[in-house]
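J.: Supplied structure: data.txt, compact mmCIF, C-alpha atoms and all ligand atoms.
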```txt
# COMPACT_ATOMS: atom_id res chain seq x y z
CA MET N 129 140.41 9.91 17.45
CA ASN N 130 138.57 8.37 20.40
CA GLU N 131 134.81 8.26 20.53
CA ASN N 132 132.05 8.79 23.01
CA PRO N 133 130.39 5.37 23.32
CA ILE N 134 127.03 6.77 22.34
CA ARG N 135 124.80 5.90 19.43
CA VAL N 136 122.94 8.63 17.59
CA ARG N 137 120.06 8.83 15.17
CA VAL N 138 121.21 9.85 11.70
CA PRO N 139 118.66 10.99 9.12
CA GLU N 140 118.70 9.61 5.59
CA SER N 141 119.47 13.11 4.35
CA SER N 142 122.83 12.91 6.08
CA ALA N 143 124.05 9.93 4.09
CA ALA N 144 126.59 12.30 2.58
CA PHE N 145 128.37 14.58 4.96
CA LEU N 146 130.90 17.37 4.89
CA ASN N 147 133.79 18.41 7.03
CA GLY N 148 135.35 21.86 7.08
CA THR N 149 137.20 21.33 3.84
CA GLY N 150 134.56 19.71 1.65
CA LEU N 151 132.86 16.46 0.82
CA VAL N 152 134.65 13.68 2.60
CA GLY N 153 132.47 10.67 2.18
CA ALA N 154 129.17 8.90 2.08
CA MET N 155 127.84 6.67 4.83
CA ASP N 156 125.76 3.65 4.02
CA ALA N 157 122.91 2.56 6.26
CA GLN N 158 125.10 0.06 8.09
CA GLY N 159 127.72 2.74 8.68
CA LEU N 160 125.10 5.16 9.95
CA SER N 161 123.64 2.70 12.42
CA ALA N 162 127.10 2.24 13.89
CA SER N 163 127.78 5.98 14.06
CA ARG N 164 129.12 7.35 17.28
CA VAL N 165 129.84 10.88 18.35
CA PRO N 166 133.55 11.49 17.70
CA ALA N 167 135.29 13.08 20.67
CA GLY N 168 137.40 16.17 20.10
CA CYS N 169 135.28 17.57 17.26
CA ASN N 170 133.32 19.97 19.42
CA PRO N 171 134.40 20.51 23.05
CA LEU N 172 130.95 21.77 24.09
CA LEU N 173 129.33 18.59 22.83
CA ASP N 174 132.07 16.54 24.51
CA GLY N 175 131.38 18.28 27.79
CA LEU N 176 127.62 17.92 27.47
CA LEU N 177 127.79 14.21 26.65
CA SER N 178 130.16 13.52 29.52
CA GLU N 179 127.45 14.72 31.94
CA ALA N 180 124.19 13.81 30.17
CA PRO N 181 122.30 10.56 30.78
CA ALA N 182 123.33 7.99 28.16
CA ALA N 183 119.78 7.78 26.80
CA TRP N 184 119.85 11.49 25.98
CA SER N 185 122.09 10.75 22.99
CA ASP N 186 118.95 9.58 21.16
CA GLU N 187 118.14 13.28 20.83
CA LEU N 188 121.21 13.89 18.67
CA GLU N 189 121.00 14.03 14.92
CA LEU N 190 123.91 14.21 12.48
CA VAL N 191 123.29 16.90 9.87
CA THR N 192 125.06 18.49 6.93
CA LEU N 193 125.59 22.25 7.01
CA THR N 194 125.14 23.59 3.48
CA PRO N 195 126.63 26.96 2.45
CA GLY N 196 123.90 29.59 2.39
CA GLU N 197 121.61 27.56 4.64
CA THR N 198 119.81 29.52 7.36
CA LEU N 199 120.01 27.54 10.59
CA THR N 200 118.03 30.06 12.63
CA PRO N 201 115.89 32.80 11.03
CA ALA N 202 115.79 36.22 12.66
CA GLY N 203 112.69 36.80 14.74
CA ALA N 204 112.28 33.15 15.70
CA SER N 205 113.45 31.05 18.57
CA PRO N 206 116.05 28.46 17.53
CA THR N 207 114.36 25.07 17.32
CA HIS N 208 117.67 23.23 17.67
CA ILE N 209 121.04 23.65 19.32
CA VAL N 210 123.66 22.92 16.66
CA PHE N 211 127.16 21.70 17.53
CA PRO N 212 129.34 22.21 14.41
CA MET N 213 132.19 19.80 13.77
CA GLY N 214 133.58 21.88 10.92
CA GLY N 215 132.73 24.76 8.65
CA LEU N 216 131.84 28.30 9.59
CA ILE N 217 128.54 29.92 10.55
CA SER N 218 127.89 33.66 10.80
CA LEU N 219 125.41 35.29 13.15
CA LEU N 220 123.95 38.24 11.27
CA VAL N 221 121.91 41.20 12.47
CA ARG N 222 119.95 43.39 10.06
CA SER N 223 120.94 47.05 10.27
CA GLY N 224 118.46 48.41 7.70
CA PRO N 225 115.97 47.53 4.96
CA ALA N 226 118.51 47.03 2.14
CA ALA N 227 119.19 43.50 0.91
CA ASN N 228 122.84 43.70 2.00
CA ALA N 229 122.13 45.35 5.33
CA GLU N 230 122.92 42.28 7.41
CA VAL N 231 126.14 42.61 9.41
CA GLU N 232 128.07 39.82 11.08
CA VAL N 233 128.05 40.02 14.87
CA ALA N 234 129.67 36.66 15.63
CA MET N 235 131.52 33.87 13.86
CA VAL N 236 130.82 30.30 14.94
CA GLY N 237 133.02 27.26 14.39
CA ARG N 238 133.54 23.86 15.86
CA HIS N 239 134.49 25.25 19.27
CA ASP N 240 131.05 26.84 19.53
CA LEU N 241 127.36 26.12 19.22
CA VAL N 242 124.51 27.73 17.28
CA GLY N 243 121.33 28.65 19.13
CA ALA N 244 122.82 30.04 22.34
CA ALA N 245 119.80 32.31 22.84
CA ALA N 246 117.55 29.25 23.07
CA LEU N 247 119.53 27.98 26.04
CA LEU N 248 118.01 30.83 28.05
CA GLY N 249 114.40 30.46 26.91
CA ALA N 250 112.07 30.07 23.96
CA GLU N 251 111.76 33.77 23.13
CA PRO N 252 112.56 34.90 19.55
CA SER N 253 116.12 35.86 18.73
CA ALA N 254 117.00 38.94 16.64
CA HIS N 255 119.89 37.44 14.70
CA ARG N 256 120.03 35.01 11.78
CA ALA N 257 122.49 32.12 11.76
CA VAL N 258 123.67 31.29 8.24
CA VAL N 259 126.22 28.74 7.05
CA GLN N 260 129.15 30.38 5.25
CA VAL N 261 131.37 27.31 4.82
CA GLY N 262 129.81 23.86 4.85
CA GLY N 263 130.55 21.14 7.34
CA SER N 264 128.88 18.52 9.46
CA ALA N 265 127.26 18.98 12.85
CA TYR N 266 125.20 17.29 15.49
CA ARG N 267 122.02 18.98 16.59
CA ALA N 268 119.46 18.41 19.33
CA PRO N 269 116.05 19.98 19.97
CA ALA N 270 116.45 23.19 21.95
CA ALA N 271 113.70 22.18 24.38
CA SER N 272 115.54 18.95 25.11
CA VAL N 273 118.78 20.80 25.86
CA ARG N 274 116.88 23.21 28.13
CA ARG N 275 115.53 20.23 30.07
CA LEU N 276 119.11 19.04 30.54
CA ILE N 277 120.06 22.48 31.82
CA GLU N 278 117.25 22.31 34.36
CA THR N 279 118.14 18.83 35.59
CA VAL N 280 121.95 18.53 35.32
CA PRO N 281 123.85 21.30 37.16
CA ALA N 282 127.15 20.52 35.41
CA ILE N 283 125.52 21.00 32.00
CA ARG N 284 123.84 24.19 33.18
CA SER N 285 127.24 25.50 34.29
CA LEU N 286 128.93 24.44 31.04
CA LEU N 287 126.41 26.03 28.71
CA LEU N 288 125.88 29.21 30.72
CA ARG N 289 129.65 29.71 30.80
CA TYR N 290 129.57 29.48 27.02
CA VAL N 291 126.81 32.12 26.90
CA ARG N 292 128.88 34.32 29.22
CA MET N 293 131.96 33.89 27.02
CA SER N 294 129.92 34.78 23.94
CA LEU N 295 128.65 37.93 25.62
CA GLU N 296 132.19 39.02 26.49
CA GLU N 297 133.20 38.40 22.88
CA ALA N 298 130.27 40.48 21.60
CA TYR N 299 131.22 43.35 23.93
CA GLN N 300 134.80 43.27 22.61
CA LEU N 301 133.65 43.29 18.99
CA ALA N 302 131.28 46.20 19.66
CA ALA N 303 134.27 48.18 20.94
CA CYS N 304 136.36 46.99 18.00
CA ASN N 305 133.83 48.17 15.44
CA SER N 306 133.65 51.65 16.92
CA ARG N 307 137.36 52.19 17.57
CA HIS N 308 139.60 50.30 15.18
CA SER N 309 140.54 50.91 11.58
CA LEU N 310 139.17 48.75 8.79
CA GLU N 311 142.65 47.35 8.06
CA LYS N 312 143.10 46.17 11.64
CA ARG N 313 139.55 44.82 11.82
CA LEU N 314 140.09 43.01 8.54
CA CYS N 315 143.27 41.34 9.87
CA ARG N 316 141.34 40.34 13.00
CA TRP N 317 138.46 38.97 10.91
CA LEU N 318 140.79 36.92 8.67
CA LEU N 319 142.48 35.41 11.74
CA GLN N 320 139.12 34.55 13.28
CA ALA N 321 138.03 32.85 10.06
CA HIS N 322 141.35 30.98 9.87
CA GLN N 323 141.02 29.69 13.41
CA ARG N 324 137.46 28.46 12.91
CA LEU N 325 138.23 26.79 9.59
CA GLU N 326 141.71 25.67 10.70
CA SER N 327 142.96 26.54 7.23
CA ASP N 328 145.19 29.21 5.73
CA THR N 329 142.98 29.25 2.64
CA LEU N 330 139.77 31.22 3.14
CA PRO N 331 137.09 30.87 0.44
CA PHE N 332 135.71 34.39 0.60
CA THR N 333 135.10 37.10 -2.00
CA HIS N 334 135.68 40.79 -1.37
CA ASP N 335 131.88 41.22 -1.49
CA HIS N 336 131.39 38.66 1.24
CA ILE N 337 134.05 40.14 3.51
CA ALA N 338 132.61 43.62 2.99
CA GLN N 339 129.14 42.47 3.98
CA MET N 340 130.43 40.65 7.06
CA LEU N 341 132.34 43.74 8.20
CA GLY N 342 129.52 46.12 7.27
CA VAL N 343 131.62 48.26 4.91
CA ARG N 344 131.75 49.01 1.19
CA ARG N 345 133.34 46.47 -1.10
CA ALA N 346 135.75 49.08 -2.47
CA SER N 347 137.01 49.76 1.06
CA VAL N 348 137.70 46.06 1.63
CA THR N 349 139.52 45.80 -1.71
CA VAL N 350 141.79 48.71 -0.76
CA ALA N 351 142.45 47.24 2.71
CA LEU N 352 143.22 43.81 1.25
CA HIS N 353 145.65 45.38 -1.23
CA ILE N 354 147.45 47.15 1.61
CA ILE N 355 148.00 44.01 3.69
CA GLU N 356 148.75 42.04 0.53
CA GLY N 357 151.46 44.61 -0.19
CA GLU N 358 152.95 43.70 3.20
CA ARG N 359 153.03 40.06 2.02
CA LEU N 360 150.71 38.98 4.85
CA ILE N 361 148.10 37.53 2.50
CA ARG N 362 147.45 36.71 -1.14
CA SER N 363 144.02 37.70 -2.41
CA THR N 364 142.70 36.10 -5.58
CA ARG N 365 139.22 35.71 -7.00
CA GLY N 366 136.99 34.28 -4.27
CA ARG N 367 139.91 33.31 -2.06
CA VAL N 368 142.31 34.77 0.50
CA ASP N 369 145.48 32.88 1.45
CA LEU N 370 147.19 33.73 4.72
CA LEU N 371 150.94 33.85 4.05
CA ASP N 372 152.34 35.04 7.40
CA ARG N 373 149.99 34.55 10.33
CA ALA N 374 152.47 35.80 12.93
CA ARG N 375 152.79 39.16 11.19
CA LEU N 376 149.08 39.21 10.45
CA GLN N 377 148.45 38.95 14.19
CA MET N 378 150.80 41.88 14.75
CA ALA N 379 148.91 43.88 12.12
CA ALA N 380 145.51 43.07 13.66
CA CYS N 381 143.97 45.14 16.42
CA GLU N 382 144.41 43.99 20.00
CA CYS N 383 140.85 42.65 20.00
CA CYS N 384 142.11 39.40 18.46
CA GLY N 385 144.36 38.80 21.48
CA ALA N 386 141.65 39.93 23.89
CA ILE N 387 139.13 37.51 22.41
CA ALA N 388 141.66 34.66 22.48
CA HIS N 389 142.40 35.45 26.14
CA ASN N 390 138.67 35.48 26.88
CA ARG N 391 138.25 32.08 25.25
CA ARG N 392 141.21 30.60 27.12
CA SER N 393 139.75 31.80 30.42
CA PHE N 394 136.74 29.56 29.86
CA SER N 395 137.32 25.83 29.57
CA PHE N 396 134.81 23.60 27.87
CA GLY N 397 134.55 19.88 27.46
CA PRO N 398 135.48 17.13 29.92
CA ALA N 399 138.79 17.36 31.74
CA GLU N 400 140.19 14.48 29.76
CA ALA N 401 139.52 16.19 26.42
CA ALA N 402 143.15 17.21 26.01
CA ASP N 403 144.19 13.60 26.46
CA ARG N 404 141.78 12.57 23.72
CA GLY N 405 143.28 14.71 21.03
CA ALA N 406 141.35 17.94 21.52
CA PRO N 407 143.10 20.72 19.57
CA ALA N 408 145.42 23.12 21.36
CA CYS N 409 144.40 25.93 18.99
CA VAL N 410 142.04 28.32 20.73
CA PRO N 411 140.18 30.55 18.29
CA CYS N 412 140.12 34.31 18.67
ZN ZN Z 1 139.59 45.60 17.28
```
Is it possible to express this structure as structure tokens?

T.:
Amino acid sequence: MNENPIRVRVPESSAAFLNGTGLVGAMDAQGLSASRVPAGCNPLLDGLLSEAPAAWSDELELVTLTPGETLTPAGASPTHIVFPMGGLISLLVRSGPAANAEVEVAMVGRHDLVGAAALLGAEPSAHRAVVQVGGSAYRAPAASVRRLIETVPAIRSLLLRYVRMSLEEAYQLAACNSRHSLEKRLCRWLLQAHQRLESDTLPFTHDHIAQMLGVRRASVTVALHIIEGERLIRSTRGRVDLLDRARLQMAACECCGAIAHNRRSFSFGPAEAADRGAPACVPC
């Protein structure tokens, strides 16, 4: 994997770091001081760094995303823009006073960023961003990224196109939630999780999936049993294995294809990203 020739500050707390599949290593101080931003891990960060002044890289900080960690609380403006390099983050909106009343409105992986609302201003955001599957990420102060947006037109275009893409995705999911059956939505959700984690093994319980989809656990269990009966998945305690993704896509609602088409219609990262090993997989 090639690298952007840019040094970054790495906090002591990031001496151990995670990728999308788990703990992969520990970096000693010498290793940290030589750290560079790996290209191809997050196309938005690639694109931003290809246009930003070299000195701006001092704003970047390598961080570990810990499962259960809240990156952005609801009712606050994101303090940082986070560029995941692995793992999965959910954007949750509270739909009532109950403890389990948060519903997932977006799923963020390494093709995305966390804190999109802060790109538009410092006003509070209504959603909470919480890490579901751990990984590593680079982050930069939101105010610093906003200054880049104001001074570098190419970065403004890049990040606003991402915001536009995210809005289109949210519109599609709003339609999905009001029109499509739980089974089809569940297939779509599993495919989205697969594409962000780039794994056929998804570490989720029925409870978790039910909360993300905003339905009862019993309903998710029944829906999982139905698609398991079709041999599309295998569901065991705290884990769902995708057995036949092609047929799972056929079983999902058309929103999965619509979201994938939407994502393909926006291109992020520098033009040479494909030549540097950027993945061909475009998440839905
Ligand atoms: Zn749908």

J.: Which is closest to Val191 in chain N among N:Ala265, N:Leu287, N:Val258, N:Ala234, if we use all atoms listed in the file?

T.: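 Closest candidate: N:Ala265.
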
J.: Could you report the residues within 8 Å of ligand ZN 1 (chain Z), using all atoms listed in the file, as a list in words?

T.: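 Those residues are Gln300, Leu301, Ala303, Cys304, Asn305, Arg307, His308, Ser309, Lys312, Arg313, Arg316, Ala380, Cys381, Glu382, Cys383 and Cys384 of chain N.
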
J.: What's the separation between CA of Val343 in chain N and CA of His239 in chain N, in Å to one decimal place?

T.: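 Atom-to-atom, CA of Val343 in chain N and CA of His239 in chain N are spaced 27.3 Å apart.
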
J.: Taking into account all atoms listed in the file, which residue in the set N:Arg367, N:His336, N:Arg256, N:Arg289 is nearest to Ser395 in chain N?

T.: N:Arg289

J.: Each residue of range 248-344 of chain N lying at most 10 Å from range 358-362 of chain N should get a row with its shortest atom-to-atom pair and the distance in Å to one decimal, counting only C-alpha atoms; could you produce that, ordered by chain and increasing number, as a Markdown table?

T.:
```
| residue | atom | partner | partner_atom | distance |
| --- | --- | --- | --- | --- |
| N:Cys315 | CA | N:Leu360 | CA | 9.3 |
| N:Leu318 | CA | N:Ile361 | CA | 9.6 |
| N:Asp328 | CA | N:Ile361 | CA | 9.4 |
| N:Thr329 | CA | N:Arg362 | CA | 9.5 |
```

J.: Could you state the separation of CA of Arg238 in chain N and CA of Tyr266 in chain N in Å, given to one decimal place?

T.: 10.6 Å

J.: Report as number ranges by chain all protein, DNA and RNA residues lying within 7 Å of Val261 in chain N, evaluated on all atoms listed in the file, omitting residues in the same chain fewer than 2 positions from it.

T.: N: 195, 215-217, 259, 263

J.: So that I can see what lies close to Ile387 in chain N, please list as a PyMOL selection string the residues with an atom at most 10 Å from it, counting all atoms listed in the file and leaving out residues fewer than 2 positions away in the same chain.

T.: chain N and resi 293-294+296-301+320+382-385+389-393+410-412

J.: Neighbouring residues of Gln260 in chain N were defined as those with any atom within 12 Å, considering only C-alpha atoms; residues of the same chain fewer than 6 positions away were excluded. Please report them as a CSV table (one decimal) with C-alpha atoms, in the frame of the given file.

T.:
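Below you can see selection-v3.csv, which holds the result:
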```
chain,number,residue,atom,x,y,z
N,148,GLY,CA,135.4,21.9,7.1
N,193,LEU,CA,125.6,22.2,7.0
N,194,THR,CA,125.1,23.6,3.5
N,195,PRO,CA,126.6,27.0,2.4
N,196,GLY,CA,123.9,29.6,2.4
N,197,GLU,CA,121.6,27.6,4.6
N,198,THR,CA,119.8,29.5,7.4
N,199,LEU,CA,120.0,27.5,10.6
N,214,GLY,CA,133.6,21.9,10.9
N,215,GLY,CA,132.7,24.8,8.6
N,216,LEU,CA,131.8,28.3,9.6
N,217,ILE,CA,128.5,29.9,10.6
N,218,SER,CA,127.9,33.7,10.8
N,219,LEU,CA,125.4,35.3,13.2
N,220,LEU,CA,124.0,38.2,11.3
N,232,GLU,CA,128.1,39.8,11.1
N,235,MET,CA,131.5,33.9,13.9
N,236,VAL,CA,130.8,30.3,14.9
N,237,GLY,CA,133.0,27.3,14.4
N,321,ALA,CA,138.0,32.8,10.1
N,324,ARG,CA,137.5,28.5,12.9
N,325,LEU,CA,138.2,26.8,9.6
N,330,LEU,CA,139.8,31.2,3.1
N,331,PRO,CA,137.1,30.9,0.4
N,332,PHE,CA,135.7,34.4,0.6
N,333,THR,CA,135.1,37.1,-2.0
N,336,HIS,CA,131.4,38.7,1.2
N,337,ILE,CA,134.0,40.1,3.5
N,340,MET,CA,130.4,40.6,7.1
```

J.: Tell me which of N:Gly175, N:Pro269, N:Gly357, N:Pro225 sits closest to Ile209 in chain N, counting all atoms listed in the file.

T.: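 Between N:Gly175, N:Pro269, N:Gly357, N:Pro225, the residue approaching Ile209 in chain N most closely is N:Pro269.
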